[in-house]
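> Encoded as structure tokens, here's the structure I'll be asking about.
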Amino acid sequence: MTNPAAAPGGLDELFSTLINLAHNSDINAEEWIPAVARACYPCRLQDTHPSHLVSGLVDYLQSKRGPPEPAIAFAACLAPLNQYCSDILDSVLPLAVEAADSTGADASLFSWLCLMCNFLSTSEMNIAEIYDYDIAEKAATALERHPQHERLLRCASRCLSHFSCYAVTRALWMLKVGLDRFADNAEIVTDVLLALARLAEHRNQEVGREMQQAIGNEHACRIVALANEHKATGPLQIAAAKALMQLADGCAANAAILQGNGALHLFVRNMKAFAGEPRVVSAQVAALCKLFPQLASHEQKQAFIATVLPAAHKSLCATVEGLELAAQAGEHQQQQQQQQQQQQQQQPEQAEAGVGEKAEVTLFLRGVVRLISDLASQCDNRTASGSVSPPGSKDLGATHVGSEEVAVSLRSTEVLAAKLLDLHSDPGVQHEVCHLLSSAATSGPDGHSSSYLRGSAAASIFRALSRSPADASLHASSFTALTLLVSSESGLQAVVKANGIPIICDSMRRFAAPKIQELGCLLLGTLAWSAEAKAEVVDAGGIECVIRAMNKNLPVVNVQRNGCRVLSQVALGSEHHRESLTQQKAVPAVCLCLKNNAESRQVAEHAICALSYLSWGSESNATDIVRNGGLKAVLSAMQLHADAVEVQEHGCRTLSNVANVRECWEVIPSIVVRASSALEKFRKHPEVLEEACRVVVSVVQCDSTAKAELSKRRIVSSIISVLEDYPTHPSMQQEACNALAHLSYDSEELTSEITRRHGVSICLKAMQHNPHNVKVQIAACNALSGLAFNNAEGQQQILKQNGVQHIIDAMKSADRMKLQDIGCLVLGMLSTRKILNKVAANPYSL
């Protein structure tokens, strides 16, 4: 860009400088204003002090002591400076419009007026005030009278582009005429296309459609042709993509015409040709995202996907590579000063874009990921085939893309996003990149493609968090991305390797926001699946963080659910960690959570699961659960969520674990109801049936009077059915046989019922189906022991069904003391029965 302060003393050269100048508060007014004053010397302002410039221009225009053009040009040059914008709008603009009208639409004067209005259009209120001066119609009249005036067309395009809230059909028509007339001028074409794009992007739908129709299908195709004519001009390709995207938005006719006239091919070609220029590629990506859903057939979409994915990632790679090179150049500036100067002389604009516009690069990357997401959701598993290209897609071919190509694309995105995090130091940019990773992790054909990712971005995310420890928004977006990355084994290991668990815990301590607590608990819960990571969670103070989060966010369902999930994972299979949980009051926190959020099925599942693991083998925790109201809360949740498999499974396990606590004996009838209900309703869920059988055992052990209640609930029939339905399920056979054993002891009624329902035969079959499972053999022998005790019919059935041999075989197969003891006990009962029968038949046989 030309240095504004270097503008020489002529209106033409001043215009060349100003036309390429955007709103820029960084302009050095002390240098810029004297340069403008020299260029606008005809107005001969007597006082050029900055605070008196506007009043001097007003006095000059009111006195009409000279030509108005220099004064309006001077005002146009001051308009980009924030300190003058309001005064010029209020005081100079009315006089400038009056002066322009008095000249009969003079082309040069109207050029400066339109340029000034362009810089004054900084807000909706300013634009409305400018529109009230009828600027759009005046500009259209000037264009009609001066069709060959290039400067006027460029300035009018800039000015009219701001009137997207108004119907300016006549002015738009004149822009179309100018577009055709100056088709070979890339700068004019770019300005006009940008104006057309903004006018078609009307916020009022009806007026927007009017603008689309005014531009017309013919000019939609004309824009494609112009873009192809100026294919090496990046700014023009940006403008063309924006215009075509707006023309196709919601207009099926325009979309169909654009597809049939090579617009899609144009965008893909530009992605490849301008791979290192994020601004250009970003515009192409946005247009592709808009047009892709409107492709007519599946074949067209598949062919399009196979073409665009490689182009998208080529752009990603080139952009991030440019950022890396820029970062390296910055680090070695002194050593490579000469090379840098040569590079800046050759490609100054590209170097500036690579270093100074990281936010735009990030938005570009997000756009590419969004495009990949749209494409991946349409992928099938077909590979390249020899099918005929569908109509209208001759430029794209007919190659299909499969899941492996999607996986490669997503992994590339992850790697590039990680590099981008390391190259950007701005927290806002890092925040956007984390959103990008979240999008990538949910963009697969099944809506969840985190399994494609490898967690390579985890370390970069934690480095970004370390650089911005006080940015709550960044931590929240980072946690969101990490929760998706750790759902794969490689991502989980990457977080552990990056020493991320202490950082997660520190964030939870620093920020009280429920969202961060929710995501932090979710992260720790997923990490705790790994034994190595589980130990780190405990050592880093993760349990303390989780319990604090639960206690301070009691009504927040997601925090409670995720917190209970962490505690259950830590408690699972680790007595040492259960002790840590007990010391840090995990049981009261989970009980309180369940009592206050029992209506939430997910909270109930995770809370009861946590209680079941916490009480496993721990009498003190079982007692704490009962005394903190956890038992009644579990029973209530099981009744409330009677159809929830996991609630019933973990609920039965918890009931079994706490049944021996004296305080719970008063609710034994309720426990029996829940266990028998589970046995009846969940015949197809062995995990529930197994735990329900354990409840029966625990209840009978604690309170022998419960057998009467169990008998009323037809518990024997349910357990017999379980044994018959799952003959080769070892743990099921074990628990069901244990239940029969405990029911039969000291209960003639239940022993008789079990015998009548072929309990002996079923226990012997359990031994036959599981000959090498010692636990099943012990449980079955235990049940046979109960059925043989003082039960002549049971003993007779064992003898008739070759039970003695089965018992002896079991005793031979394992030397477990318990199996030997029970086997001997049963054989002793049967031997006694044989002797007694022999004596009864022949008293002299002895």
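Within each chain, counting starts at residue 1; across the structure tokens, chains are named A, B, ... in the order shown, with ligands numbered 1 upward in that order.
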Pick out the residues sitting within 9 Å of stretch 466-473 of chain A, and hand them over as a list of chain:residue names; count only C-alpha atoms, and ignore anything fewer than 5 positions along from it in its own chain.
A:Ser425, A:Asp426, A:Pro427, A:Gly428, A:His431, A:Ile461, A:Ser478, A:Ile503, A:Ser507, A:Arg510, A:Phe511, A:Ala513, A:Ile516
> What does the distance between atom CA of A:Ala418 and atom CA of A:Ala457 come to in Å, to one decimal place?
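Atom-to-atom, atom CA of A:Ala418 to atom CA of A:Ala457, that is 4.5 Å.
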> Extract the full set of alpha helix (DSSP H) residues from stretch 92-254 of chain A according to DSSP on the backbone, and format it as a ChimeraX atom specification.
/A:93-102,107-120,124-132,135-145,150-160,169-181,186-200,205-229,234-248,252-254
> Using only C-alpha atoms, pick whichever of A:Ala283, A:Asn791, A:Leu14, A:Leu196 has the shortest atom-to-atom distance to A:Ala243.
A:Leu196
> When you count only C-alpha atoms, which of these residues is closest to A:His641: A:Ser438, A:Gln517, A:Thr582, A:Gln602?
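Smallest separation from A:His641 among the options: A:Gln602.
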> Restricting the calculation to only C-alpha atoms, which member of A:Asn660, A:Thr190, A:Gln777, A:Thr483 is positioned closest to A:Cys737?
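Smallest distance to A:Cys737 is found for A:Gln777.
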